[in-house]
file model.cif (mmCIF, N, CA and C atoms, pLDDT in the B column; chains and numbers go by the auth columns)
data_entry
#
loop_
_atom_site.group_PDB
_atom_site.id
_atom_site.type_symbol
_atom_site.label_atom_id
_atom_site.label_comp_id
_atom_site.label_asym_id
_atom_site.label_seq_id
_atom_site.Cartn_x
_atom_site.Cartn_y
_atom_site.Cartn_z
_atom_site.B_iso_or_equiv
_atom_site.auth_seq_id
_atom_site.auth_asym_id
ATOM 1 N N MET A 1 -31.065 209.952 1.271 66.00 1 V
ATOM 2 C CA MET A 1 -29.795 210.627 1.240 66.00 1 V
ATOM 3 C C MET A 1 -28.903 210.009 2.314 66.00 1 V
ATOM 4 N N LYS A 2 -27.887 209.328 1.888 69.00 2 V
ATOM 5 C CA LYS A 2 -26.951 208.678 2.801 69.00 2 V
ATOM 6 C C LYS A 2 -25.857 209.667 3.185 69.00 2 V
ATOM 7 N N LYS A 3 -25.667 209.836 4.470 73.00 3 V
ATOM 8 C CA LYS A 3 -24.645 210.760 4.958 73.00 3 V
ATOM 9 C C LYS A 3 -23.256 210.214 4.629 73.00 3 V
ATOM 10 N N LEU A 4 -22.393 211.090 4.174 76.00 4 V
ATOM 11 C CA LEU A 4 -21.021 210.721 3.838 76.00 4 V
ATOM 12 C C LEU A 4 -20.161 210.697 5.089 76.00 4 V
ATOM 13 N N LYS A 5 -19.123 209.878 5.054 79.00 5 V
ATOM 14 C CA LYS A 5 -18.146 209.902 6.146 79.00 5 V
ATOM 15 C C LYS A 5 -17.449 211.255 6.102 79.00 5 V
ATOM 16 N N ASN A 6 -17.297 211.852 7.258 86.00 6 V
ATOM 17 C CA ASN A 6 -16.627 213.143 7.388 86.00 6 V
ATOM 18 C C ASN A 6 -17.330 214.240 6.581 86.00 6 V
ATOM 19 N N GLU A 7 -18.661 214.190 6.527 88.00 7 V
ATOM 20 C CA GLU A 7 -19.416 215.164 5.737 88.00 7 V
ATOM 21 C C GLU A 7 -19.186 216.598 6.218 88.00 7 V
ATOM 22 N N ALA A 8 -19.085 216.794 7.519 90.00 8 V
ATOM 23 C CA ALA A 8 -18.864 218.153 8.041 90.00 8 V
ATOM 24 C C ALA A 8 -17.540 218.719 7.534 90.00 8 V
ATOM 25 N N GLY A 9 -16.503 217.909 7.527 92.00 9 V
ATOM 26 C CA GLY A 9 -15.206 218.350 7.013 92.00 9 V
ATOM 27 C C GLY A 9 -15.245 218.625 5.522 92.00 9 V
ATOM 28 N N LEU A 10 -15.976 217.787 4.797 93.00 10 V
ATOM 29 C CA LEU A 10 -16.119 217.989 3.348 93.00 10 V
ATOM 30 C C LEU A 10 -16.868 219.278 3.049 93.00 10 V
ATOM 31 N N VAL A 11 -17.913 219.573 3.830 93.00 11 V
ATOM 32 C CA VAL A 11 -18.667 220.813 3.622 93.00 11 V
ATOM 33 C C VAL A 11 -17.773 222.018 3.903 93.00 11 V
ATOM 34 N N LYS A 12 -16.997 221.943 4.961 94.00 12 V
ATOM 35 C CA LYS A 12 -16.083 223.039 5.298 94.00 12 V
ATOM 36 C C LYS A 12 -15.108 223.290 4.149 94.00 12 V
ATOM 37 N N GLU A 13 -14.562 222.224 3.590 93.00 13 V
ATOM 38 C CA GLU A 13 -13.635 222.342 2.456 93.00 13 V
ATOM 39 C C GLU A 13 -14.360 222.872 1.218 93.00 13 V
ATOM 40 N N ALA A 14 -15.599 222.425 1.002 94.00 14 V
ATOM 41 C CA ALA A 14 -16.388 222.896 -0.143 94.00 14 V
ATOM 42 C C ALA A 14 -16.651 224.393 -0.029 94.00 14 V
ATOM 43 N N LEU A 15 -16.917 224.868 1.169 94.00 15 V
ATOM 44 C CA LEU A 15 -17.145 226.299 1.365 94.00 15 V
ATOM 45 C C LEU A 15 -15.870 227.087 1.105 94.00 15 V
ATOM 46 N N ARG A 16 -14.735 226.554 1.529 93.00 16 V
ATOM 47 C CA ARG A 16 -13.457 227.225 1.300 93.00 16 V
ATOM 48 C C ARG A 16 -13.144 227.305 -0.200 93.00 16 V
ATOM 49 N N VAL A 17 -13.260 226.170 -0.879 93.00 17 V
ATOM 50 C CA VAL A 17 -12.969 226.119 -2.318 93.00 17 V
ATOM 51 C C VAL A 17 -14.018 226.918 -3.102 93.00 17 V
ATOM 52 N N GLY A 18 -15.271 226.813 -2.698 94.00 18 V
ATOM 53 C CA GLY A 18 -16.338 227.557 -3.362 94.00 18 V
ATOM 54 C C GLY A 18 -16.166 229.059 -3.245 94.00 18 V
ATOM 55 N N ALA A 19 -15.677 229.525 -2.096 93.00 19 V
ATOM 56 C CA ALA A 19 -15.437 230.957 -1.907 93.00 19 V
ATOM 57 C C ALA A 19 -14.332 231.441 -2.845 93.00 19 V
ATOM 58 N N ILE A 20 -13.290 230.632 -2.996 93.00 20 V
ATOM 59 C CA ILE A 20 -12.208 230.977 -3.928 93.00 20 V
ATOM 60 C C ILE A 20 -12.741 231.009 -5.356 93.00 20 V
ATOM 61 N N TYR A 21 -13.553 230.015 -5.707 94.00 21 V
ATOM 62 C CA TYR A 21 -14.149 229.956 -7.049 94.00 21 V
ATOM 63 C C TYR A 21 -15.005 231.187 -7.325 94.00 21 V
ATOM 64 N N ALA A 22 -15.841 231.564 -6.355 93.00 22 V
ATOM 65 C CA ALA A 22 -16.727 232.725 -6.534 93.00 22 V
ATOM 66 C C ALA A 22 -15.913 234.001 -6.720 93.00 22 V
ATOM 67 N N LYS A 23 -14.861 234.146 -5.938 93.00 23 V
ATOM 68 C CA LYS A 23 -14.033 235.353 -6.034 93.00 23 V
ATOM 69 C C LYS A 23 -13.323 235.420 -7.378 93.00 23 V
ATOM 70 N N LYS A 24 -12.748 234.288 -7.828 93.00 24 V
ATOM 71 C CA LYS A 24 -12.059 234.262 -9.124 93.00 24 V
ATOM 72 C C LYS A 24 -13.024 234.517 -10.269 93.00 24 V
ATOM 73 N N ARG A 25 -14.249 234.039 -10.114 90.00 25 V
ATOM 74 C CA ARG A 25 -15.267 234.216 -11.148 90.00 25 V
ATOM 75 C C ARG A 25 -15.820 235.639 -11.148 90.00 25 V
ATOM 76 N N GLY A 26 -15.608 236.359 -10.063 90.00 26 V
ATOM 77 C CA GLY A 26 -16.038 237.755 -9.980 90.00 26 V
ATOM 78 C C GLY A 26 -17.514 237.937 -9.683 90.00 26 V
ATOM 79 N N VAL A 27 -18.129 236.973 -9.030 88.00 27 V
ATOM 80 C CA VAL A 27 -19.572 237.074 -8.759 88.00 27 V
ATOM 81 C C VAL A 27 -19.874 237.462 -7.317 88.00 27 V
ATOM 82 N N GLY A 28 -18.868 237.600 -6.518 84.00 28 V
ATOM 83 C CA GLY A 28 -19.096 237.969 -5.129 84.00 28 V
ATOM 84 C C GLY A 28 -18.003 237.415 -4.251 84.00 28 V
ATOM 85 N N GLN A 29 -18.127 237.743 -2.995 85.00 29 V
ATOM 86 C CA GLN A 29 -17.108 237.309 -2.059 85.00 29 V
ATOM 87 C C GLN A 29 -17.801 236.818 -0.797 85.00 29 V
ATOM 88 N N VAL A 30 -17.344 235.701 -0.297 84.00 30 V
ATOM 89 C CA VAL A 30 -17.875 235.146 0.940 84.00 30 V
ATOM 90 C C VAL A 30 -17.021 235.694 2.076 84.00 30 V
ATOM 91 N N GLU A 31 -17.668 236.343 3.013 85.00 31 V
ATOM 92 C CA GLU A 31 -16.961 236.904 4.161 85.00 31 V
ATOM 93 C C GLU A 31 -16.919 235.897 5.291 85.00 31 V
ATOM 94 N N GLU A 32 -15.874 235.955 6.098 85.00 32 V
ATOM 95 C CA GLU A 32 -15.767 235.077 7.264 85.00 32 V
ATOM 96 C C GLU A 32 -16.925 235.305 8.228 85.00 32 V
ATOM 97 N N SER A 33 -17.424 236.530 8.280 87.00 33 V
ATOM 98 C CA SER A 33 -18.489 236.866 9.226 87.00 33 V
ATOM 99 C C SER A 33 -19.882 236.443 8.743 87.00 33 V
ATOM 100 N N ASP A 34 -19.987 236.012 7.489 88.00 34 V
ATOM 101 C CA ASP A 34 -21.284 235.569 6.970 88.00 34 V
ATOM 102 C C ASP A 34 -21.735 234.309 7.705 88.00 34 V
ATOM 103 N N PRO A 35 -23.027 234.200 7.998 91.00 35 V
ATOM 104 C CA PRO A 35 -23.520 232.961 8.622 91.00 35 V
ATOM 105 C C PRO A 35 -23.310 231.772 7.680 91.00 35 V
ATOM 106 N N GLN A 36 -23.106 230.603 8.265 91.00 36 V
ATOM 107 C CA GLN A 36 -22.843 229.406 7.459 91.00 36 V
ATOM 108 C C GLN A 36 -23.993 229.121 6.494 91.00 36 V
ATOM 109 N N LYS A 37 -25.222 229.358 6.917 92.00 37 V
ATOM 110 C CA LYS A 37 -26.379 229.109 6.045 92.00 37 V
ATOM 111 C C LYS A 37 -26.298 229.958 4.779 92.00 37 V
ATOM 112 N N VAL A 38 -25.867 231.206 4.925 93.00 38 V
ATOM 113 C CA VAL A 38 -25.731 232.103 3.773 93.00 38 V
ATOM 114 C C VAL A 38 -24.639 231.599 2.842 93.00 38 V
ATOM 115 N N LYS A 39 -23.522 231.173 3.413 94.00 39 V
ATOM 116 C CA LYS A 39 -22.416 230.655 2.603 94.00 39 V
ATOM 117 C C LYS A 39 -22.838 229.419 1.821 94.00 39 V
ATOM 118 N N VAL A 40 -23.518 228.492 2.502 94.00 40 V
ATOM 119 C CA VAL A 40 -23.961 227.250 1.863 94.00 40 V
ATOM 120 C C VAL A 40 -24.900 227.561 0.702 94.00 40 V
ATOM 121 N N THR A 41 -25.877 228.425 0.951 94.00 41 V
ATOM 122 C CA THR A 41 -26.855 228.772 -0.091 94.00 41 V
ATOM 123 C C THR A 41 -26.192 229.462 -1.272 94.00 41 V
ATOM 124 N N PHE A 42 -25.317 230.427 -0.998 95.00 42 V
ATOM 125 C CA PHE A 42 -24.648 231.177 -2.065 95.00 42 V
ATOM 126 C C PHE A 42 -23.803 230.261 -2.943 95.00 42 V
ATOM 127 N N ILE A 43 -22.982 229.440 -2.320 96.00 43 V
ATOM 128 C CA ILE A 43 -22.083 228.581 -3.098 96.00 43 V
ATOM 129 C C ILE A 43 -22.860 227.496 -3.825 96.00 43 V
ATOM 130 N N TYR A 44 -23.865 226.921 -3.175 96.00 44 V
ATOM 131 C CA TYR A 44 -24.701 225.912 -3.837 96.00 44 V
ATOM 132 C C TYR A 44 -25.350 226.505 -5.090 96.00 44 V
ATOM 133 N N ARG A 45 -25.962 227.671 -4.950 95.00 45 V
ATOM 134 C CA ARG A 45 -26.664 228.277 -6.102 95.00 45 V
ATOM 135 C C ARG A 45 -25.701 228.681 -7.204 95.00 45 V
ATOM 136 N N LEU A 46 -24.500 229.126 -6.847 95.00 46 V
ATOM 137 C CA LEU A 46 -23.491 229.453 -7.851 95.00 46 V
ATOM 138 C C LEU A 46 -23.087 228.207 -8.632 95.00 46 V
ATOM 139 N N LEU A 47 -22.849 227.112 -7.917 96.00 47 V
ATOM 140 C CA LEU A 47 -22.451 225.868 -8.581 96.00 47 V
ATOM 141 C C LEU A 47 -23.567 225.313 -9.456 96.00 47 V
ATOM 142 N N VAL A 48 -24.811 225.452 -9.015 96.00 48 V
ATOM 143 C CA VAL A 48 -25.949 225.027 -9.838 96.00 48 V
ATOM 144 C C VAL A 48 -26.025 225.900 -11.085 96.00 48 V
ATOM 145 N N HIS A 49 -25.874 227.211 -10.911 96.00 49 V
ATOM 146 C CA HIS A 49 -25.941 228.142 -12.040 96.00 49 V
ATOM 147 C C HIS A 49 -24.876 227.822 -13.086 96.00 49 V
ATOM 148 N N ASP A 50 -23.687 227.432 -12.624 95.00 50 V
ATOM 149 C CA ASP A 50 -22.582 227.111 -13.540 95.00 50 V
ATOM 150 C C ASP A 50 -22.599 225.651 -13.989 95.00 50 V
ATOM 151 N N ASN A 51 -23.659 224.932 -13.666 95.00 51 V
ATOM 152 C CA ASN A 51 -23.832 223.525 -14.044 95.00 51 V
ATOM 153 C C ASN A 51 -22.722 222.623 -13.514 95.00 51 V
ATOM 154 N N LEU A 52 -22.222 222.929 -12.331 94.00 52 V
ATOM 155 C CA LEU A 52 -21.217 222.081 -11.694 94.00 52 V
ATOM 156 C C LEU A 52 -21.852 221.126 -10.697 94.00 52 V
ATOM 157 N N VAL A 53 -23.086 221.420 -10.304 94.00 53 V
ATOM 158 C CA VAL A 53 -23.849 220.588 -9.376 94.00 53 V
ATOM 159 C C VAL A 53 -25.265 220.472 -9.930 94.00 53 V
ATOM 160 N N GLN A 54 -25.803 219.269 -9.888 94.00 54 V
ATOM 161 C CA GLN A 54 -27.177 219.078 -10.329 94.00 54 V
ATOM 162 C C GLN A 54 -28.115 219.680 -9.276 94.00 54 V
ATOM 163 N N PRO A 55 -29.100 220.482 -9.709 95.00 55 V
ATOM 164 C CA PRO A 55 -29.982 221.124 -8.723 95.00 55 V
ATOM 165 C C PRO A 55 -30.871 220.116 -8.003 95.00 55 V
ATOM 166 N N LEU A 56 -31.216 220.464 -6.790 94.00 56 V
ATOM 167 C CA LEU A 56 -32.163 219.672 -6.020 94.00 56 V
ATOM 168 C C LEU A 56 -33.562 219.881 -6.590 94.00 56 V
ATOM 169 N N ALA A 57 -34.447 218.933 -6.353 93.00 57 V
ATOM 170 C CA ALA A 57 -35.829 219.050 -6.820 93.00 57 V
ATOM 171 C C ALA A 57 -36.525 220.195 -6.093 93.00 57 V
ATOM 172 N N LYS A 58 -37.536 220.765 -6.735 90.00 58 V
ATOM 173 C CA LYS A 58 -38.318 221.837 -6.101 90.00 58 V
ATOM 174 C C LYS A 58 -38.856 221.343 -4.770 90.00 58 V
ATOM 175 N N GLY A 59 -38.759 222.180 -3.768 91.00 59 V
ATOM 176 C CA GLY A 59 -39.241 221.819 -2.452 91.00 59 V
ATOM 177 C C GLY A 59 -38.233 221.048 -1.617 91.00 59 V
ATOM 178 N N LYS A 60 -37.118 220.662 -2.205 92.00 60 V
ATOM 179 C CA LYS A 60 -36.084 219.909 -1.489 92.00 60 V
ATOM 180 C C LYS A 60 -34.858 220.764 -1.198 92.00 60 V
ATOM 181 N N GLU A 61 -34.921 222.063 -1.520 92.00 61 V
ATOM 182 C CA GLU A 61 -33.784 222.955 -1.304 92.00 61 V
ATOM 183 C C GLU A 61 -33.711 223.379 0.163 92.00 61 V
ATOM 184 N N THR A 62 -33.329 222.438 0.997 94.00 62 V
ATOM 185 C CA THR A 62 -33.133 222.726 2.411 94.00 62 V
ATOM 186 C C THR A 62 -31.634 222.812 2.675 94.00 62 V
ATOM 187 N N GLU A 63 -31.283 223.421 3.788 94.00 63 V
ATOM 188 C CA GLU A 63 -29.856 223.555 4.092 94.00 63 V
ATOM 189 C C GLU A 63 -29.149 222.209 4.206 94.00 63 V
ATOM 190 N N PRO A 64 -29.729 221.207 4.900 93.00 64 V
ATOM 191 C CA PRO A 64 -29.038 219.910 4.955 93.00 64 V
ATOM 192 C C PRO A 64 -28.828 219.281 3.575 93.00 64 V
ATOM 193 N N ASN A 65 -29.806 219.411 2.692 94.00 65 V
ATOM 194 C CA ASN A 65 -29.667 218.852 1.341 94.00 65 V
ATOM 195 C C ASN A 65 -28.599 219.604 0.541 94.00 65 V
ATOM 196 N N MET A 66 -28.554 220.946 0.680 95.00 66 V
ATOM 197 C CA MET A 66 -27.538 221.721 -0.026 95.00 66 V
ATOM 198 C C MET A 66 -26.146 221.387 0.517 95.00 66 V
ATOM 199 N N ARG A 67 -26.032 221.212 1.828 95.00 67 V
ATOM 200 C CA ARG A 67 -24.751 220.833 2.430 95.00 67 V
ATOM 201 C C ARG A 67 -24.289 219.474 1.881 95.00 67 V
ATOM 202 N N HIS A 68 -25.229 218.551 1.754 94.00 68 V
ATOM 203 C CA HIS A 68 -24.900 217.224 1.227 94.00 68 V
ATOM 204 C C HIS A 68 -24.411 217.327 -0.221 94.00 68 V
ATOM 205 N N LYS A 69 -25.080 218.137 -1.022 95.00 69 V
ATOM 206 C CA LYS A 69 -24.661 218.328 -2.420 95.00 69 V
ATOM 207 C C LYS A 69 -23.258 218.922 -2.489 95.00 69 V
ATOM 208 N N LEU A 70 -22.972 219.888 -1.613 95.00 70 V
ATOM 209 C CA LEU A 70 -21.638 220.480 -1.591 95.00 70 V
ATOM 210 C C LEU A 70 -20.591 219.446 -1.189 95.00 70 V
ATOM 211 N N ALA A 71 -20.923 218.608 -0.218 93.00 71 V
ATOM 212 C CA ALA A 71 -19.994 217.555 0.210 93.00 71 V
ATOM 213 C C ALA A 71 -19.731 216.577 -0.933 93.00 71 V
ATOM 214 N N LEU A 72 -20.771 216.207 -1.670 93.00 72 V
ATOM 215 C CA LEU A 72 -20.594 215.313 -2.816 93.00 72 V
ATOM 216 C C LEU A 72 -19.722 215.962 -3.881 93.00 72 V
ATOM 217 N N TRP A 73 -19.983 217.242 -4.144 95.00 73 V
ATOM 218 C CA TRP A 73 -19.226 217.961 -5.167 95.00 73 V
ATOM 219 C C TRP A 73 -17.741 217.988 -4.819 95.00 73 V
ATOM 220 N N ILE A 74 -17.412 218.384 -3.591 94.00 74 V
ATOM 221 C CA ILE A 74 -15.995 218.499 -3.237 94.00 74 V
ATOM 222 C C ILE A 74 -15.344 217.128 -3.146 94.00 74 V
ATOM 223 N N SER A 75 -16.098 216.102 -2.758 92.00 75 V
ATOM 224 C CA SER A 75 -15.500 214.764 -2.676 92.00 75 V
ATOM 225 C C SER A 75 -15.067 214.272 -4.052 92.00 75 V
ATOM 226 N N ARG A 76 -15.691 214.771 -5.085 91.00 76 V
ATOM 227 C CA ARG A 76 -15.314 214.389 -6.455 91.00 76 V
ATOM 228 C C ARG A 76 -14.164 215.246 -6.988 91.00 76 V
ATOM 229 N N GLN A 77 -13.910 216.391 -6.352 91.00 77 V
ATOM 230 C CA GLN A 77 -12.842 217.291 -6.793 91.00 77 V
ATOM 231 C C GLN A 77 -11.510 216.971 -6.123 91.00 77 V
ATOM 232 N N LEU A 78 -11.574 216.385 -4.947 89.00 78 V
ATOM 233 C CA LEU A 78 -10.356 216.112 -4.182 89.00 78 V
ATOM 234 C C LEU A 78 -9.628 214.878 -4.726 89.00 78 V
ATOM 235 N N PRO A 79 -8.305 214.835 -4.574 89.00 79 V
ATOM 236 C CA PRO A 79 -7.571 213.629 -4.978 89.00 79 V
ATOM 237 C C PRO A 79 -7.984 212.440 -4.108 89.00 79 V
ATOM 238 N N LYS A 80 -7.884 211.256 -4.647 88.00 80 V
ATOM 239 C CA LYS A 80 -8.325 210.040 -3.953 88.00 80 V
ATOM 240 C C LYS A 80 -7.627 209.833 -2.610 88.00 80 V
ATOM 241 N N ASP A 81 -6.412 210.315 -2.462 87.00 81 V
ATOM 242 C CA ASP A 81 -5.671 210.105 -1.222 87.00 81 V
ATOM 243 C C ASP A 81 -5.803 211.258 -0.222 87.00 81 V
ATOM 244 N N HIS A 82 -6.742 212.165 -0.472 86.00 82 V
ATOM 245 C CA HIS A 82 -6.942 213.301 0.440 86.00 82 V
ATOM 246 C C HIS A 82 -7.419 212.799 1.804 86.00 82 V
ATOM 247 N N PRO A 83 -6.944 213.387 2.894 86.00 83 V
ATOM 248 C CA PRO A 83 -7.318 212.929 4.239 86.00 83 V
ATOM 249 C C PRO A 83 -8.833 212.947 4.513 86.00 83 V
ATOM 250 N N LEU A 84 -9.566 213.860 3.905 86.00 84 V
ATOM 251 C CA LEU A 84 -11.016 213.916 4.130 86.00 84 V
ATOM 252 C C LEU A 84 -11.750 212.731 3.520 86.00 84 V
ATOM 253 N N LEU A 85 -11.130 212.057 2.576 82.00 85 V
ATOM 254 C CA LEU A 85 -11.772 210.937 1.895 82.00 85 V
ATOM 255 C C LEU A 85 -11.377 209.577 2.474 82.00 85 V
ATOM 256 N N LYS A 86 -10.451 209.575 3.400 78.00 86 V
ATOM 257 C CA LYS A 86 -9.980 208.306 3.976 78.00 86 V
ATOM 258 C C LYS A 86 -11.039 207.687 4.864 78.00 86 V
ATOM 259 N N GLU A 87 -11.134 206.374 4.792 60.00 87 V
ATOM 260 C CA GLU A 87 -12.053 205.613 5.655 60.00 87 V
ATOM 261 C C GLU A 87 -11.512 205.639 7.079 60.00 87 V
ATOM 262 N N GLU A 88 -12.403 205.710 8.012 49.00 88 V
ATOM 263 C CA GLU A 88 -11.970 205.709 9.421 49.00 88 V
ATOM 264 C C GLU A 88 -12.136 204.359 10.044 49.00 88 V
#
call {"tool": "encode", "arguments": {"input": "model.cif", "output": "structure tokens"}}
result
Amino acid sequence: MKKLKNEAGLVKEALRVGAIYAKKRGVGQVEESDPQKVKVTFIYRLLVHDNLVQPLAKGKETEPNMRHKLALWISRQLPKDHPLLKEE
């Protein structure tokens, strides 16, 4: 698993967009006070359930792997000229 440039920023954006998606879909709401691990797990599993993200292999569902999947997902949703996708 190769770490993406600006992966932390991409994960933060994925959590923001994922929370909006979950709320619009009516499956729950991510609270600001929720721990980041809970947010990552909830949004990852929602995206897997809706077939928007390919699930990780059994035994590989760790927080770093889920964060990486979320970063990959949002990097494909953002426009090519988005600041989070720019090379440094």
call {"tool": "atom_distance", "arguments": {"input": "model.cif", "atom1": "atom CA of V:Ala8", "atom2": "atom N of V:Arg67"}}
result
10.0 Å
call {"tool": "select_by_dssp", "arguments": {"input": "model.cif", "residues": "chain V", "states": "helix (DSSP H, G or I)", "output": "PyMOL selection string"}}
result
chain V and resi 7-25+36-49+63-77+83-85
call {"tool": "write_last_selection", "arguments": {"input": "model.cif", "atoms": "N, CA and C atoms", "output": "short mmCIF file (atom, residue, chain, number, x, y, z; two decimals), keeping the file's coordinate frame"}}
result
data_model
loop_
_atom_site.label_atom_id
_atom_site.label_comp_id
_atom_site.auth_asym_id
_atom_site.auth_seq_id
_atom_site.Cartn_x
_atom_site.Cartn_y
_atom_site.Cartn_z
N GLU V 7 -18.66 214.19 6.53
CA GLU V 7 -19.42 215.16 5.74
C GLU V 7 -19.19 216.60 6.22
N ALA V 8 -19.08 216.79 7.52
CA ALA V 8 -18.86 218.15 8.04
C ALA V 8 -17.54 218.72 7.53
N GLY V 9 -16.50 217.91 7.53
CA GLY V 9 -15.21 218.35 7.01
C GLY V 9 -15.24 218.62 5.52
N LEU V 10 -15.98 217.79 4.80
CA LEU V 10 -16.12 217.99 3.35
C LEU V 10 -16.87 219.28 3.05
N VAL V 11 -17.91 219.57 3.83
CA VAL V 11 -18.67 220.81 3.62
C VAL V 11 -17.77 222.02 3.90
N LYS V 12 -17.00 221.94 4.96
CA LYS V 12 -16.08 223.04 5.30
C LYS V 12 -15.11 223.29 4.15
N GLU V 13 -14.56 222.22 3.59
CA GLU V 13 -13.64 222.34 2.46
C GLU V 13 -14.36 222.87 1.22
N ALA V 14 -15.60 222.42 1.00
CA ALA V 14 -16.39 222.90 -0.14
C ALA V 14 -16.65 224.39 -0.03
N LEU V 15 -16.92 224.87 1.17
CA LEU V 15 -17.14 226.30 1.36
C LEU V 15 -15.87 227.09 1.10
N ARG V 16 -14.74 226.55 1.53
CA ARG V 16 -13.46 227.22 1.30
C ARG V 16 -13.14 227.30 -0.20
N VAL V 17 -13.26 226.17 -0.88
CA VAL V 17 -12.97 226.12 -2.32
C VAL V 17 -14.02 226.92 -3.10
N GLY V 18 -15.27 226.81 -2.70
CA GLY V 18 -16.34 227.56 -3.36
C GLY V 18 -16.17 229.06 -3.24
N ALA V 19 -15.68 229.52 -2.10
CA ALA V 19 -15.44 230.96 -1.91
C ALA V 19 -14.33 231.44 -2.84
N ILE V 20 -13.29 230.63 -3.00
CA ILE V 20 -12.21 230.98 -3.93
C ILE V 20 -12.74 231.01 -5.36
N TYR V 21 -13.55 230.02 -5.71
CA TYR V 21 -14.15 229.96 -7.05
C TYR V 21 -15.00 231.19 -7.32
N ALA V 22 -15.84 231.56 -6.36
CA ALA V 22 -16.73 232.72 -6.53
C ALA V 22 -15.91 234.00 -6.72
N LYS V 23 -14.86 234.15 -5.94
CA LYS V 23 -14.03 235.35 -6.03
C LYS V 23 -13.32 235.42 -7.38
N LYS V 24 -12.75 234.29 -7.83
CA LYS V 24 -12.06 234.26 -9.12
C LYS V 24 -13.02 234.52 -10.27
N ARG V 25 -14.25 234.04 -10.11
CA ARG V 25 -15.27 234.22 -11.15
C ARG V 25 -15.82 235.64 -11.15
N GLN V 36 -23.11 230.60 8.26
CA GLN V 36 -22.84 229.41 7.46
C GLN V 36 -23.99 229.12 6.49
N LYS V 37 -25.22 229.36 6.92
CA LYS V 37 -26.38 229.11 6.04
C LYS V 37 -26.30 229.96 4.78
N VAL V 38 -25.87 231.21 4.92
CA VAL V 38 -25.73 232.10 3.77
C VAL V 38 -24.64 231.60 2.84
N LYS V 39 -23.52 231.17 3.41
CA LYS V 39 -22.42 230.66 2.60
C LYS V 39 -22.84 229.42 1.82
N VAL V 40 -23.52 228.49 2.50
CA VAL V 40 -23.96 227.25 1.86
C VAL V 40 -24.90 227.56 0.70
N THR V 41 -25.88 228.42 0.95
CA THR V 41 -26.86 228.77 -0.09
C THR V 41 -26.19 229.46 -1.27
N PHE V 42 -25.32 230.43 -1.00
CA PHE V 42 -24.65 231.18 -2.06
C PHE V 42 -23.80 230.26 -2.94
N ILE V 43 -22.98 229.44 -2.32
CA ILE V 43 -22.08 228.58 -3.10
C ILE V 43 -22.86 227.50 -3.82
N TYR V 44 -23.86 226.92 -3.18
CA TYR V 44 -24.70 225.91 -3.84
C TYR V 44 -25.35 226.50 -5.09
N ARG V 45 -25.96 227.67 -4.95
CA ARG V 45 -26.66 228.28 -6.10
C ARG V 45 -25.70 228.68 -7.20
N LEU V 46 -24.50 229.13 -6.85
CA LEU V 46 -23.49 229.45 -7.85
C LEU V 46 -23.09 228.21 -8.63
N LEU V 47 -22.85 227.11 -7.92
CA LEU V 47 -22.45 225.87 -8.58
C LEU V 47 -23.57 225.31 -9.46
N VAL V 48 -24.81 225.45 -9.02
CA VAL V 48 -25.95 225.03 -9.84
C VAL V 48 -26.02 225.90 -11.08
N HIS V 49 -25.87 227.21 -10.91
CA HIS V 49 -25.94 228.14 -12.04
C HIS V 49 -24.88 227.82 -13.09
N GLU V 63 -31.28 223.42 3.79
CA GLU V 63 -29.86 223.56 4.09
C GLU V 63 -29.15 222.21 4.21
N PRO V 64 -29.73 221.21 4.90
CA PRO V 64 -29.04 219.91 4.96
C PRO V 64 -28.83 219.28 3.58
N ASN V 65 -29.81 219.41 2.69
CA ASN V 65 -29.67 218.85 1.34
C ASN V 65 -28.60 219.60 0.54
N MET V 66 -28.55 220.95 0.68
CA MET V 66 -27.54 221.72 -0.03
C MET V 66 -26.15 221.39 0.52
N ARG V 67 -26.03 221.21 1.83
CA ARG V 67 -24.75 220.83 2.43
C ARG V 67 -24.29 219.47 1.88
N HIS V 68 -25.23 218.55 1.75
CA HIS V 68 -24.90 217.22 1.23
C HIS V 68 -24.41 217.33 -0.22
N LYS V 69 -25.08 218.14 -1.02
CA LYS V 69 -24.66 218.33 -2.42
C LYS V 69 -23.26 218.92 -2.49
N LEU V 70 -22.97 219.89 -1.61
CA LEU V 70 -21.64 220.48 -1.59
C LEU V 70 -20.59 219.45 -1.19
N ALA V 71 -20.92 218.61 -0.22
CA ALA V 71 -19.99 217.56 0.21
C ALA V 71 -19.73 216.58 -0.93
N LEU V 72 -20.77 216.21 -1.67
CA LEU V 72 -20.59 215.31 -2.82
C LEU V 72 -19.72 215.96 -3.88
N TRP V 73 -19.98 217.24 -4.14
CA TRP V 73 -19.23 217.96 -5.17
C TRP V 73 -17.74 217.99 -4.82
N ILE V 74 -17.41 218.38 -3.59
CA ILE V 74 -16.00 218.50 -3.24
C ILE V 74 -15.34 217.13 -3.15
N SER V 75 -16.10 216.10 -2.76
CA SER V 75 -15.50 214.76 -2.68
C SER V 75 -15.07 214.27 -4.05
N ARG V 76 -15.69 214.77 -5.08
CA ARG V 76 -15.31 214.39 -6.46
C ARG V 76 -14.16 215.25 -6.99
N GLN V 77 -13.91 216.39 -6.35
CA GLN V 77 -12.84 217.29 -6.79
C GLN V 77 -11.51 216.97 -6.12
N PRO V 83 -6.94 213.39 2.89
CA PRO V 83 -7.32 212.93 4.24
C PRO V 83 -8.83 212.95 4.51
N LEU V 84 -9.57 213.86 3.90
CA LEU V 84 -11.02 213.92 4.13
C LEU V 84 -11.75 212.73 3.52
N LEU V 85 -11.13 212.06 2.58
CA LEU V 85 -11.77 210.94 1.90
C LEU V 85 -11.38 209.58 2.47
#
call {"tool": "closest_residue", "arguments": {"input": "model.cif", "among": "V:Leu15, V:Glu7, V:Leu72, V:Lys86", "to": "V:Lys39", "atoms": "all atoms listed in the file"}}
result
V:Leu15
call {"tool": "closest_residue", "arguments": {"input": "model.cif", "among": "V:Lys12, V:Asp81, V:Glu63, V:Ser75", "to": "V:Val38", "atoms": "only C-alpha atoms"}}
result
V:Glu63
call {"tool": "closest_residue", "arguments": {"input": "model.cif", "among": "V:Gln29, V:Gly59, V:Val17, V:Val40", "to": "V:Leu78", "atoms": "only C-alpha atoms"}}
result
V:Val17
call {"tool": "closest_residue", "arguments": {"input": "model.cif", "among": "V:Val53, V:Val30, V:Leu4, V:Ala22", "to": "V:Gln77", "atoms": "only C-alpha atoms"}}
result
V:Val53
